[in-house]
>>> print(open('entry-v3.txt').read())   # compact mmCIF, C-alpha atoms
# COMPACT_ATOMS: atom_id res chain seq x y z
CA MET A 6 16.43 14.71 -11.56
CA THR A 7 14.22 14.23 -14.57
CA ALA A 8 12.53 17.60 -14.84
CA GLU A 9 10.62 16.72 -17.97
CA ALA A 10 7.36 18.46 -18.76
CA PRO A 11 4.19 16.41 -18.30
CA ASP A 12 4.23 14.60 -21.61
CA ARG A 13 0.97 12.91 -22.51
CA SER A 14 2.28 11.16 -25.59
CA TYR A 15 3.57 7.66 -25.06
CA PRO A 16 3.80 5.90 -28.42
CA LEU A 17 3.98 2.15 -28.78
CA ALA A 18 7.63 2.47 -29.79
CA ALA A 19 8.37 4.09 -26.41
CA PHE A 20 6.55 1.23 -24.68
CA ARG A 21 8.67 -1.35 -26.49
CA HIS A 22 11.85 0.62 -25.78
CA ASP A 23 11.02 0.91 -22.07
CA VAL A 24 10.25 -2.78 -21.75
CA GLY A 25 13.52 -3.66 -23.48
CA GLU A 26 15.44 -1.42 -21.10
CA ASP A 27 13.57 -2.92 -18.13
CA ILE A 28 14.66 -6.39 -19.23
CA LEU A 29 18.28 -5.18 -19.34
CA ALA A 30 17.86 -3.68 -15.85
CA HIS A 31 16.51 -7.03 -14.60
CA PHE A 32 19.56 -8.68 -16.15
CA ARG A 33 21.89 -6.19 -14.44
CA HIS A 34 20.25 -6.67 -11.05
CA GLY A 35 20.28 -10.43 -11.44
CA ALA A 36 23.90 -10.53 -12.59
CA ALA A 37 24.76 -12.78 -9.67
CA PHE A 38 22.40 -15.42 -11.08
CA TYR A 39 23.16 -15.01 -14.76
CA SER A 40 26.38 -15.12 -16.70
CA GLY A 41 27.51 -13.83 -20.08
CA ARG A 42 25.57 -11.31 -22.08
CA PRO A 43 21.79 -11.27 -22.37
CA GLY A 44 20.88 -13.31 -25.43
CA LEU A 45 17.45 -13.58 -26.99
CA LEU A 46 16.44 -16.63 -24.98
CA ARG A 47 17.63 -15.08 -21.74
CA ARG A 48 15.70 -11.90 -22.48
CA LEU A 49 12.59 -13.92 -23.23
CA SER A 50 12.92 -15.83 -19.97
CA ILE A 51 13.29 -12.54 -18.07
CA LEU A 52 10.26 -11.11 -19.87
CA LEU A 53 8.17 -14.08 -18.74
CA SER A 54 9.22 -13.76 -15.08
CA ALA A 55 6.60 -12.39 -12.71
CA PRO A 56 8.30 -9.06 -11.82
CA MET A 57 8.97 -8.30 -15.47
CA MET A 58 5.40 -9.18 -16.50
CA CYS A 59 4.20 -6.81 -13.78
CA THR A 60 6.44 -4.06 -15.15
CA ALA A 61 5.31 -4.72 -18.72
CA LEU A 62 1.62 -4.73 -17.75
CA PHE A 63 2.11 -1.43 -15.96
CA ARG A 64 3.78 0.06 -19.05
CA LEU A 65 0.91 -1.21 -21.19
CA SER A 66 -1.68 0.33 -18.86
CA HIS A 67 0.28 3.60 -18.96
CA TRP A 68 0.25 3.44 -22.76
CA ALA A 69 -3.54 2.98 -22.73
CA TRP A 70 -3.90 5.86 -20.26
CA CYS A 71 -1.84 8.19 -22.45
CA ARG A 72 -3.87 7.17 -25.51
CA GLY A 73 -6.98 8.29 -23.61
CA HIS A 74 -8.38 4.78 -23.02
CA ARG A 75 -8.94 5.28 -19.32
CA ARG A 76 -11.17 2.26 -18.80
CA ILE A 77 -8.74 -0.09 -20.55
CA ALA A 78 -5.92 1.40 -18.50
CA TRP A 79 -7.78 0.85 -15.21
CA THR A 80 -8.72 -2.68 -16.26
CA LEU A 81 -5.09 -3.55 -17.06
CA SER A 82 -4.05 -2.01 -13.74
CA ASN A 83 -6.64 -4.12 -11.90
CA VAL A 84 -5.54 -7.28 -13.72
CA ASN A 85 -1.97 -6.47 -12.73
CA GLN A 86 -3.09 -6.07 -9.14
CA ILE A 87 -4.99 -9.37 -9.18
CA ILE A 88 -2.09 -11.32 -10.69
CA HIS A 89 0.91 -9.66 -9.05
CA GLY A 90 -0.50 -7.84 -6.02
CA ALA A 91 0.96 -4.49 -7.07
CA SER A 92 -1.32 -1.48 -7.32
CA LEU A 93 0.32 0.82 -9.87
CA HIS A 94 -1.66 3.88 -10.95
CA PRO A 95 -1.77 3.86 -14.76
CA ALA A 96 -1.00 7.59 -14.95
CA SER A 97 2.36 7.21 -13.18
CA ARG A 98 5.36 8.14 -15.30
CA ILE A 99 8.30 5.91 -14.45
CA GLY A 100 11.57 6.08 -16.37
CA VAL A 101 13.35 3.11 -17.93
CA GLY A 102 15.00 0.47 -15.78
CA LEU A 103 12.18 -0.12 -13.32
CA TYR A 104 12.96 -3.13 -11.13
CA MET A 105 10.54 -4.67 -8.64
CA PRO A 106 11.98 -7.98 -7.44
CA HIS A 107 8.93 -8.86 -5.31
CA THR A 108 5.76 -7.19 -6.45
CA VAL A 109 3.35 -8.01 -3.68
CA GLY A 110 1.90 -5.00 -1.87
CA ILE A 111 3.58 -2.32 -3.92
CA ILE A 112 1.54 0.87 -4.33
CA PHE A 113 2.84 3.45 -6.77
CA GLU A 114 1.11 6.72 -7.55
CA GLY A 115 3.62 9.36 -8.61
CA HIS A 116 6.47 10.03 -10.99
CA ALA A 117 9.98 8.62 -11.03
CA GLY A 118 13.16 8.87 -13.07
CA ARG A 119 15.38 6.12 -14.42
CA ASN A 120 16.45 2.94 -12.62
CA LEU A 121 13.86 2.96 -9.86
CA VAL A 122 14.06 -0.06 -7.54
CA LEU A 123 11.00 -0.93 -5.45
CA PHE A 124 11.27 -3.74 -2.95
CA ALA A 125 8.28 -5.63 -1.56
CA SER A 126 5.39 -3.51 -0.27
CA ALA A 127 7.07 -0.17 -0.91
CA VAL A 128 4.46 2.59 -1.05
CA VAL A 129 4.59 5.81 -3.05
CA ALA A 130 1.26 7.54 -2.71
CA GLY A 131 -0.43 10.92 -2.92
CA GLY A 132 -0.86 13.19 0.05
CA GLU A 133 -3.49 12.80 2.70
CA ARG A 134 -5.60 15.62 1.32
CA HIS A 135 -5.59 14.55 -2.32
CA PRO A 136 -5.51 10.82 -2.73
CA HIS A 137 -6.08 10.01 -6.38
CA ALA A 138 -5.77 13.71 -7.23
CA TRP A 139 -4.04 13.71 -10.56
CA ARG A 140 -3.27 17.23 -11.65
CA GLY A 141 -0.09 17.03 -13.64
CA GLY A 142 2.04 15.82 -10.78
CA ASP A 143 0.58 18.01 -8.06
CA GLY A 144 -0.18 16.15 -4.87
CA VAL A 145 1.96 13.10 -5.64
CA PRO A 146 5.65 12.40 -4.99
CA VAL A 147 8.23 13.01 -7.72
CA LEU A 148 11.29 10.76 -7.49
CA GLY A 149 14.65 11.35 -9.15
CA ASP A 150 16.94 8.90 -10.91
CA ASP A 151 18.50 5.82 -9.29
CA VAL A 152 16.19 5.81 -6.27
CA THR A 153 15.93 2.64 -4.19
CA LEU A 154 13.02 2.08 -1.81
CA GLY A 155 13.41 -0.66 0.78
CA ALA A 156 10.73 -3.14 1.75
CA PHE A 157 7.67 -1.62 3.49
CA SER A 158 9.02 1.91 3.10
CA LEU A 159 6.46 4.65 2.61
CA ILE A 160 6.66 7.94 0.73
CA SER A 161 3.49 9.96 0.79
CA GLY A 162 2.56 13.53 0.05
CA SER A 163 3.37 16.15 -2.53
CA LEU A 164 7.15 16.07 -2.22
CA SER A 165 10.28 15.46 -4.23
CA VAL A 166 13.03 12.93 -3.68
CA GLY A 167 16.45 13.62 -5.19
CA ASP A 168 18.70 11.42 -7.28
CA ARG A 169 20.50 8.37 -5.88
CA VAL A 170 18.46 8.38 -2.66
CA ARG A 171 18.18 5.13 -0.75
CA VAL A 172 15.31 4.60 1.66
CA ALA A 173 15.78 1.95 4.32
CA PRO A 174 13.18 -0.76 4.97
CA CYS A 175 10.18 0.42 7.03
CA ALA A 176 11.14 4.09 6.77
CA VAL A 177 8.40 6.72 6.49
CA VAL A 178 9.13 9.81 4.36
CA HIS A 179 6.98 12.94 4.57
CA THR A 180 9.50 15.63 3.64
CA ASN A 181 11.61 16.48 0.62
CA VAL A 182 14.75 14.36 0.49
CA PRO A 183 17.93 15.92 -0.99
CA ALA A 184 20.02 14.04 -3.52
CA ASP A 185 22.63 11.50 -2.39
CA SER A 186 21.07 10.91 0.98
CA ARG A 187 19.78 7.92 2.84
CA VAL A 188 16.63 7.69 4.93
CA PHE A 189 16.65 5.40 7.94
CA GLY A 190 13.68 3.85 9.67
CA GLY A 191 12.27 5.37 12.83
CA SER A 192 12.07 2.59 15.36
CA PRO A 193 14.74 -0.09 15.45
CA SER A 194 13.67 -3.33 17.09
CA ARG A 195 15.02 -4.55 20.40
CA VAL A 196 15.71 -8.11 21.46
CA ARG A 197 14.58 -9.17 24.88
CA ILE A 198 15.00 -12.57 26.47
CA PRO A 199 12.04 -13.66 28.62
CA ASP A 200 12.88 -14.22 32.29
CA ASN A 201 12.12 -17.95 32.32
CA LEU A 202 14.33 -18.47 29.27
CA ARG A 203 17.06 -16.37 30.84
CA ALA A 204 16.94 -18.46 34.04
CA ALA A 205 17.05 -21.72 32.07
CA ARG A 206 19.96 -20.43 30.01
CA ALA A 207 21.85 -19.28 33.14
CA GLN A 208 21.29 -22.67 34.71
CA ARG A 209 22.51 -24.46 31.57
CA ASP A 210 25.58 -22.24 31.32
CA GLY A 211 26.22 -22.73 35.04
CA ASP A 212 26.05 -26.51 34.55
CA ARG A 213 28.48 -26.27 31.68
CA ASP A 214 30.84 -24.14 33.74
CA ALA A 215 30.61 -26.65 36.60
CA LEU A 216 31.40 -29.50 34.16
CA GLU A 217 34.33 -27.68 32.65
CA ALA A 218 35.76 -26.72 36.05
CA MET B 20 -19.57 -14.87 16.26
CA MET B 21 -23.33 -14.47 15.91
CA PRO B 22 -24.56 -12.00 13.32
CA GLY B 23 -26.57 -9.13 14.78
CA GLU B 24 -29.99 -7.98 13.65
CA PRO B 25 -30.56 -8.42 9.90
CA ILE B 26 -29.71 -5.34 7.92
CA SER B 27 -32.10 -4.22 5.18
CA ALA B 28 -31.13 -3.94 1.53
CA ALA B 29 -32.26 -0.31 1.59
CA GLU B 30 -29.87 0.43 4.44
CA THR B 31 -27.04 -1.30 2.55
CA ARG B 32 -27.81 0.76 -0.55
CA ALA B 33 -27.91 3.95 1.50
CA ARG B 34 -24.50 3.16 3.00
CA LEU B 35 -23.12 2.42 -0.45
CA ALA B 36 -24.50 5.73 -1.71
CA ALA B 37 -22.69 7.48 1.15
CA ASP B 38 -19.48 5.60 0.21
CA ARG B 39 -19.87 6.71 -3.40
CA ALA B 40 -20.44 10.32 -2.38
CA ARG B 41 -17.31 10.38 -0.25
CA LEU B 42 -15.22 8.63 -2.91
CA ARG B 43 -16.42 11.20 -5.44
CA GLY B 44 -15.22 13.87 -3.01
CA PHE B 45 -11.80 12.25 -3.04
CA LEU B 46 -11.89 12.15 -6.82
CA ALA B 47 -13.02 15.76 -7.16
CA ALA B 48 -9.88 16.59 -9.09
CA ARG B 49 -10.88 14.12 -11.79
CA PRO B 50 -14.61 14.53 -12.44
CA ASP B 51 -14.43 12.58 -15.70
CA LEU B 52 -12.93 9.58 -13.95
CA ALA B 53 -15.40 9.82 -11.09
CA ARG B 54 -18.35 9.84 -13.48
CA SER B 55 -17.34 7.18 -15.95
CA ALA B 56 -15.30 4.51 -14.26
CA LEU B 57 -16.08 4.43 -10.55
CA TRP B 58 -16.74 0.68 -10.66
CA LEU B 59 -13.28 0.13 -12.13
CA LEU B 60 -11.57 1.62 -9.08
CA PRO B 61 -10.43 -1.02 -6.60
CA SER B 62 -11.55 1.32 -3.81
CA TYR B 63 -15.17 1.15 -4.90
CA GLN B 64 -15.00 -2.56 -5.75
CA ALA B 65 -13.81 -3.30 -2.21
CA ALA B 66 -16.57 -1.18 -0.62
CA TRP B 67 -19.30 -2.71 -2.82
CA LEU B 68 -18.23 -6.30 -2.21
CA HIS B 69 -17.90 -5.75 1.52
CA ARG B 70 -21.32 -4.07 1.86
CA TRP B 71 -23.13 -6.97 0.23
CA SER B 72 -20.99 -9.53 2.03
CA HIS B 73 -22.01 -7.89 5.31
CA TYR B 74 -25.65 -7.80 4.18
CA PHE B 75 -25.71 -11.55 3.54
CA PHE B 76 -23.82 -12.25 6.78
CA ARG B 77 -26.41 -10.36 8.81
CA ARG B 78 -29.19 -12.15 6.95
CA GLY B 79 -27.66 -15.45 8.05
CA ASN B 80 -26.60 -16.46 4.52
CA ARG B 81 -23.00 -17.11 5.42
CA LEU B 82 -22.00 -18.99 2.28
CA VAL B 83 -22.74 -16.05 -0.01
CA ALA B 84 -21.09 -13.71 2.48
CA ARG B 85 -17.97 -15.83 2.47
CA LEU B 86 -17.89 -16.06 -1.33
CA LEU B 87 -18.12 -12.26 -1.64
CA TRP B 88 -15.41 -11.88 1.00
CA HIS B 89 -13.08 -14.18 -0.91
CA LEU B 90 -13.91 -12.46 -4.18
CA ASN B 91 -12.98 -9.17 -2.52
CA LEU B 92 -9.68 -10.62 -1.39
CA LEU B 93 -9.01 -11.96 -4.89
CA LEU B 94 -9.98 -8.88 -6.84
CA THR B 95 -8.82 -6.02 -4.65
CA GLY B 96 -6.47 -7.60 -2.12
CA ALA B 97 -8.47 -6.26 0.83
CA ASP B 98 -9.41 -8.73 3.56
CA ILE B 99 -12.60 -7.21 4.99
CA SER B 100 -14.38 -9.77 7.12
CA PRO B 101 -18.18 -10.01 6.65
CA LEU B 102 -18.73 -9.34 10.36
CA THR B 103 -17.10 -5.92 10.05
CA ASP B 104 -19.86 -3.35 10.58
CA LEU B 105 -19.01 -0.02 8.97
CA ASP B 106 -21.51 2.83 8.84
CA GLY B 107 -21.93 4.91 5.66
CA GLY B 108 -19.15 6.91 4.05
CA PHE B 109 -16.42 4.28 4.23
CA VAL B 110 -13.49 4.86 1.86
CA LEU B 111 -10.59 2.44 1.41
CA VAL B 112 -8.15 4.31 -0.79
CA TYR B 113 -5.55 1.62 -1.62
CA PRO B 114 -7.09 -1.78 -0.90
CA VAL B 115 -3.98 -3.96 -1.33
CA CYS B 116 -2.67 -5.58 1.86
CA THR B 117 -5.45 -4.21 4.05
CA VAL B 118 -7.21 -6.10 6.84
CA ILE B 119 -10.38 -4.66 8.35
CA LEU B 120 -12.15 -6.26 11.29
CA GLY B 121 -14.24 -4.38 13.82
CA LYS B 122 -16.97 -1.81 14.05
CA ALA B 123 -16.84 1.81 12.92
CA GLY B 124 -19.03 4.89 12.73
CA ARG B 125 -19.60 7.16 9.77
CA ASN B 126 -16.93 8.36 7.34
CA LEU B 127 -14.13 5.96 8.16
CA THR B 128 -11.12 6.48 5.87
CA VAL B 129 -8.57 3.71 5.62
CA MET B 130 -5.67 4.62 3.36
CA GLY B 131 -4.57 0.99 3.13
CA HIS B 132 -1.58 -1.27 3.71
CA GLY B 133 -2.44 -1.85 7.32
CA GLY B 134 -5.54 -2.50 9.20
CA LEU B 135 -7.79 -2.94 12.16
CA GLY B 136 -8.22 -6.21 13.90
CA GLY B 137 -7.77 -8.44 16.88
CA GLY B 138 -5.20 -10.90 18.04
CA MET B 139 -4.37 -9.23 21.35
CA SER B 140 -7.12 -10.60 23.64
CA ALA B 141 -10.63 -12.03 23.49
CA LEU B 142 -12.35 -9.17 25.35
CA ASP B 143 -15.57 -8.06 23.65
CA ILE B 144 -16.35 -4.35 23.90
CA GLY B 145 -19.23 -4.44 21.43
CA ALA B 146 -17.45 -4.98 18.12
CA GLY B 147 -16.83 -8.68 18.54
CA PRO B 148 -14.27 -10.70 20.49
CA GLY B 149 -11.04 -8.74 20.67
CA LEU B 150 -11.99 -6.28 17.94
CA PRO B 151 -11.66 -2.47 17.97
CA MET B 152 -14.51 0.03 17.88
CA PHE B 153 -14.28 3.35 16.05
CA GLY B 154 -16.17 6.64 16.29
CA ASP B 155 -17.07 8.90 13.39
CA ASN B 156 -14.66 10.61 10.98
CA VAL B 157 -11.63 8.48 11.78
CA ARG B 158 -8.77 8.46 9.29
CA ILE B 159 -6.20 5.66 9.37
CA GLU B 160 -3.13 6.45 7.31
CA LEU B 161 -1.02 4.09 5.22
CA GLY B 162 0.39 1.13 7.07
CA ALA B 163 -1.09 1.94 10.47
CA PHE B 164 -2.48 -0.84 12.63
CA VAL B 165 -5.16 -0.70 15.34
CA LEU B 166 -5.16 -4.00 17.19
CA GLY B 167 -7.11 -5.39 20.10
CA PRO B 168 -10.31 -4.41 21.91
CA VAL B 169 -9.73 -0.65 21.98
CA ARG B 170 -12.11 2.28 21.65
CA ILE B 171 -11.11 4.98 19.16
CA GLY B 172 -13.07 8.22 19.55
CA HIS B 173 -14.47 10.61 16.97
CA ASN B 174 -12.31 12.72 14.60
CA VAL B 175 -9.15 10.73 15.24
CA VAL B 176 -6.21 10.64 12.82
CA ILE B 177 -3.76 7.75 13.05
CA HIS B 178 -0.50 8.56 11.30
CA PRO B 179 1.37 6.27 8.91
CA ARG B 180 2.97 3.09 10.17
CA SER B 181 1.88 3.57 13.78
CA LEU B 182 0.67 0.76 15.99
CA VAL B 183 -2.26 1.52 18.31
CA THR B 184 -3.14 -0.92 21.07
CA MET B 185 -4.68 1.56 23.52
CA ASP B 186 -7.84 3.66 23.69
CA VAL B 187 -7.70 7.01 21.88
CA PRO B 188 -9.96 9.90 23.02
CA ASP B 189 -11.89 12.19 20.66
CA GLY B 190 -10.02 14.55 18.36
CA CYS B 191 -6.55 13.06 18.89
CA GLU B 192 -3.77 12.34 16.47
CA VAL B 193 -1.59 9.29 17.01
CA SER B 194 1.85 9.35 15.45
CA SER B 195 4.90 7.13 15.32
CA ASN B 196 8.63 7.71 15.35
CA PRO B 197 9.76 9.79 12.40
CA SER B 198 12.54 8.61 10.12
CA ARG B 199 15.92 10.34 9.86
CA ILE B 200 17.62 11.56 6.71
CA ARG B 201 21.38 11.39 6.51
CA LYS B 202 23.63 12.74 3.82
CA HIS B 203 26.13 10.26 2.47
CA PRO B 204 28.79 12.19 0.54
CA SER B 205 30.86 9.05 0.18
CA ASP B 206 28.17 7.58 -2.06
CA ALA B 207 28.16 10.72 -4.23
CA GLU B 208 31.94 10.53 -4.63
CA LYS B 209 31.67 6.90 -5.59
CA GLU B 210 29.15 7.78 -8.30
CA THR B 211 31.37 10.48 -9.83
CA MET B 212 34.52 8.41 -9.72
>>> encode(input="entry-v3.txt", output="C-alpha cells")
Amino acid sequence: MTAEAPDRSYPLAAFRHDVGEDILAHFRHGAAFYSGRPGLLRRLSILLSAPMMCTALFRLSHWAWCRGHRRIAWTLSNVNQIIHGASLHPASRIGVGLYMPHTVGIIFEGHAGRNLVLFASAVVAGGERHPHAWRGGDGVPVLGDDVTLGAFSLISGSLSVGDRVRVAPCAVVHTNVPADSRVFGGSPSRVRIPDNLRAARAQRDGDRDALEA
Amino acid sequence: MMPGEPISAAETRARLAADRARLRGFLAARPDLARSALWLLPSYQAAWLHRWSHYFFRRGNRLVARLLWHLNLLLTGADISPLTDLDGGFVLVYPVCTVILGKAGRNLTVMGHGGLGGGMSALDIGAGPGLPMFGDNVRIELGAFVLGPVRIGHNVVIHPRSLVTMDVPDGCEVSSNPSRIRKHPSDAEKETM
C-alpha cells in the first residue's frame, strides 16, 4: 500500500518518468503481441496508441493541477474525455504503470498505487455524500499497488482497497477490501431456452435419433 | 413525439440557476473551484446544453435542439434527449455513458454511467411513449438503470448497478445484489515465491 503523504509537487521530470514507466507497462501487458525488448520505435508506437495517449494526457492534466493551473487541468481532462471517453479527475494521484486497454467509460476519482489496471468502463468514484469533494483523499477511494479492476466494475465511497486485489467484471464494491483478495460480481447470468425453441430442438433431436436408430 | 407547451427562456434560466445552486452544494468542499471554473465541469456543461436543447425542442425548433443534443453527446458523453423534461435542480455528476429520457421533478441527481429510458413497451404514462416518470429528490446511483413506463415516487434512492422496471413508491431505496469478497491465499503465495 502506498501510504505516501498528499504531495502537491509533481515536477515535469516526474511526469516524464511516469509516462516512460507507463509505456513499459503497456509493453509488459502487450507482451503477447510484441517480441524482443522495447526499442525506441516500439516505445514511440506505444506512446501514440490511444490508451497510452489517454494515460499521458491524464498525467499532463495532473501536472497542471499540481502546478495550480486548475482551468488548464480541467480543460485537458475534458479534451481527454472527448477524445478517449475516459473521465479522469485531474487531482487523482495514480502511481506508475497505469494500464487502461480500453478507455471508454472509465471514471477515476481517487488515489492508486503502482501498476493499476482499469478495464473498460471501470468506475472509481467518491462517495454518495461527497461527489467531487477533494479534501486530501477524504471521501474518495484509495487503491493499493497491483490492483486490477474488471470491466464495468464499480468502487465508490471513502474506502481503501489493499494490494494485489482483483475485482471481477460488473462487481460493486462499497466496503474496504483486504489485500490479496478477489471481489466477485453479485448476480451471475442464467441461460434459458424459450419453450418454442426447446420444442423445435427436441423435435430435431428426436428426428435425428429416429434416423440413427 | 410532439413537444408540449413552449417553455419560456426565463423558466429555462431559472431551472439552470437551480442546477447551479445544487452543483455548488456538491462542490462545497472546493469553493474556489465552484466559483472560478463551473463551466469547465462536464456536469455543468451537460446540464446547460440539455436545458437549451429542451428549450428549443419545446419551441418547435428541432434542428437547433438536435445540434445541442449532439454537441452534448460529443463534449460530455451524456445522451440526454431534448424531449427529456427535468425540473430545476438537476445534477449529473459523471456524464460519461449516461442516457436520460423521461420526465422528472425537482432535484434529480444522476450519478452517471447508467440511465433512464424506454425500450420495454410503448405505454405512455405522461412522460412519453414507454418512458419513466420521476418524483422530486430522486437520486440514481452509478450504473443504475430505470427502464420502461414506470412511476418513481418522491425521495427515492436507487442503488448502484440496479435495474428497475417496476413502480417504486415514495421514500424507498432500491438495491441490487451485493458482491462477495474472497481471500485468495494462493495468489499471495505466488507473489512471494
>>> closest_residue(input="entry-v3.txt", among="B:Asn80, B:Ser62, B:Thr103, B:Asn91", to="B:Gly131", atoms="all atoms listed in the file")
B:Ser62
>>> closest_residue(input="entry-v3.txt", among="B:Pro151, B:Pro25, B:Pro114, B:Gly190", to="chain A", atoms="all atoms listed in the file")
B:Pro114
>>> residues_around(input="entry-v3.txt", residues="stretch 46-51 of chain A", least_positions_apart="3", cutoff="10 Å", atoms="all atoms listed in the file", output="list of chain:residue names")
A:Gly25, A:Asp27, A:Ile28, A:Leu29, A:His31, A:Phe32, A:Gly35, A:Tyr39, A:Arg42, A:Pro43, A:Ser54, A:Ala55, A:Pro56, A:Met57, A:Met58
>>> write_last_selection(input="entry-v3.txt", atoms="C-alpha atoms", output="PDB file, keeping the file's coordinate frame")
ATOM      1  CA  GLY A  25      13.520  -3.660 -23.480  1.00  0.00           C
ATOM      2  CA  ASP A  27      13.570  -2.920 -18.130  1.00  0.00           C
ATOM      3  CA  ILE A  28      14.660  -6.390 -19.230  1.00  0.00           C
ATOM      4  CA  LEU A  29      18.280  -5.180 -19.340  1.00  0.00           C
ATOM      5  CA  HIS A  31      16.510  -7.030 -14.600  1.00  0.00           C
ATOM      6  CA  PHE A  32      19.560  -8.680 -16.150  1.00  0.00           C
ATOM      7  CA  GLY A  35      20.280 -10.430 -11.440  1.00  0.00           C
ATOM      8  CA  TYR A  39      23.160 -15.010 -14.760  1.00  0.00           C
ATOM      9  CA  ARG A  42      25.570 -11.310 -22.080  1.00  0.00           C
ATOM     10  CA  PRO A  43      21.790 -11.270 -22.370  1.00  0.00           C
ATOM     11  CA  SER A  54       9.220 -13.760 -15.080  1.00  0.00           C
ATOM     12  CA  ALA A  55       6.600 -12.390 -12.710  1.00  0.00           C
ATOM     13  CA  PRO A  56       8.300  -9.060 -11.820  1.00  0.00           C
ATOM     14  CA  MET A  57       8.970  -8.300 -15.470  1.00  0.00           C
ATOM     15  CA  MET A  58       5.400  -9.180 -16.500  1.00  0.00           C
TER      16      MET A  58
END
>>> closest_residue(input="entry-v3.txt", among="A:Pro95, A:Arg206, A:His34, A:Ala173", to="A:Arg75", atoms="only C-alpha atoms")
A:Pro95
>>> residues_around(input="entry-v3.txt", residues="B:Val176", least_positions_apart="3", cutoff="7 Å", atoms="all atoms listed in the file", output="list in words")
Val157, Arg158, Ile159, Cys191, Glu192 and Val193 of chain B
>>> residues_around(input="entry-v3.txt", residues="stretch 99-105 of chain A", least_positions_apart="6", cutoff="8 Å", atoms="only C-alpha atoms", output="compact mmCIF listing (two decimals) with C-alpha atoms, keeping the file's coordinate frame")
# COMPACT_ATOMS: atom_id res chain seq x y z
CA ASP A 23 11.02 0.91 -22.07
CA VAL A 24 10.25 -2.78 -21.75
CA GLU A 26 15.44 -1.42 -21.10
CA ASP A 27 13.57 -2.92 -18.13
CA ILE A 28 14.66 -6.39 -19.23
CA LEU A 29 18.28 -5.18 -19.34
CA ALA A 30 17.86 -3.68 -15.85
CA HIS A 31 16.51 -7.03 -14.60
CA PRO A 56 8.30 -9.06 -11.82
CA MET A 57 8.97 -8.30 -15.47
CA THR A 60 6.44 -4.06 -15.15
CA HIS A 116 6.47 10.03 -10.99
CA ALA A 117 9.98 8.62 -11.03
CA GLY A 118 13.16 8.87 -13.07
CA ARG A 119 15.38 6.12 -14.42
CA ASN A 120 16.45 2.94 -12.62
CA LEU A 121 13.86 2.96 -9.86
CA VAL A 122 14.06 -0.06 -7.54
CA LEU A 123 11.00 -0.93 -5.45
CA PHE A 124 11.27 -3.74 -2.95
CA ALA A 125 8.28 -5.63 -1.56
>>> closest_residue(input="entry-v3.txt", among="B:Arg180, B:Arg41, B:Arg85, B:Lys122", to="B:Phe109", atoms="all atoms listed in the file")
B:Arg41
>>> closest_residue(input="entry-v3.txt", among="A:Ala176, A:Ala19, A:Ala37, A:Ile87", to="B:Ala97", atoms="only C-alpha atoms")
A:Ile87
>>> closest_residue(input="entry-v3.txt", among="B:Arg70, B:Arg78, B:His173, B:His132", to="chain A", atoms="all atoms listed in the file")
B:His132
>>> decode(input="entry-v3.txt", residues="stretch 146-181 of chain B", atoms="C-alpha atoms", output="compact mmCIF listing (two decimals), in the first residue's frame")
# COMPACT_ATOMS: atom_id res chain seq x y z
CA ALA B 146 -43.54 11.19 -19.89
CA GLY B 147 -43.70 9.99 -23.46
CA PRO B 148 -44.10 6.56 -25.05
CA GLY B 149 -42.52 3.96 -22.80
CA LEU B 150 -40.60 6.47 -20.69
CA PRO B 151 -40.34 6.66 -16.89
CA MET B 152 -41.66 9.43 -14.67
CA PHE B 153 -39.87 10.60 -11.53
CA GLY B 154 -40.95 12.49 -8.42
CA ASP B 155 -38.87 15.03 -6.52
CA ASN B 156 -35.50 14.42 -4.83
CA VAL B 157 -34.69 11.16 -6.59
CA ARG B 158 -31.08 10.00 -6.58
CA ILE B 159 -29.90 7.43 -9.12
CA GLU B 160 -26.53 5.97 -8.24
CA LEU B 161 -23.72 4.94 -10.58
CA GLY B 162 -24.66 2.43 -13.22
CA ALA B 163 -28.31 2.04 -12.24
CA PHE B 164 -30.97 1.78 -14.93
CA VAL B 165 -34.67 2.70 -14.78
CA LEU B 166 -36.35 1.33 -17.88
CA GLY B 167 -39.89 1.33 -19.17
CA PRO B 168 -43.07 3.25 -18.33
CA VAL B 169 -42.70 3.20 -14.54
CA ARG B 170 -43.56 5.75 -11.88
CA ILE B 171 -40.83 6.52 -9.34
CA GLY B 172 -42.09 8.39 -6.27
CA HIS B 173 -40.53 11.20 -4.26
CA ASN B 174 -37.32 10.84 -2.19
CA VAL B 175 -36.29 7.57 -3.82
CA VAL B 176 -32.70 6.30 -3.86
CA ILE B 177 -31.72 3.73 -6.48
CA HIS B 178 -28.51 1.95 -5.54
CA PRO B 179 -25.56 1.30 -7.86
CA ARG B 180 -25.92 -1.11 -10.75
CA SER B 181 -29.55 -1.97 -10.05
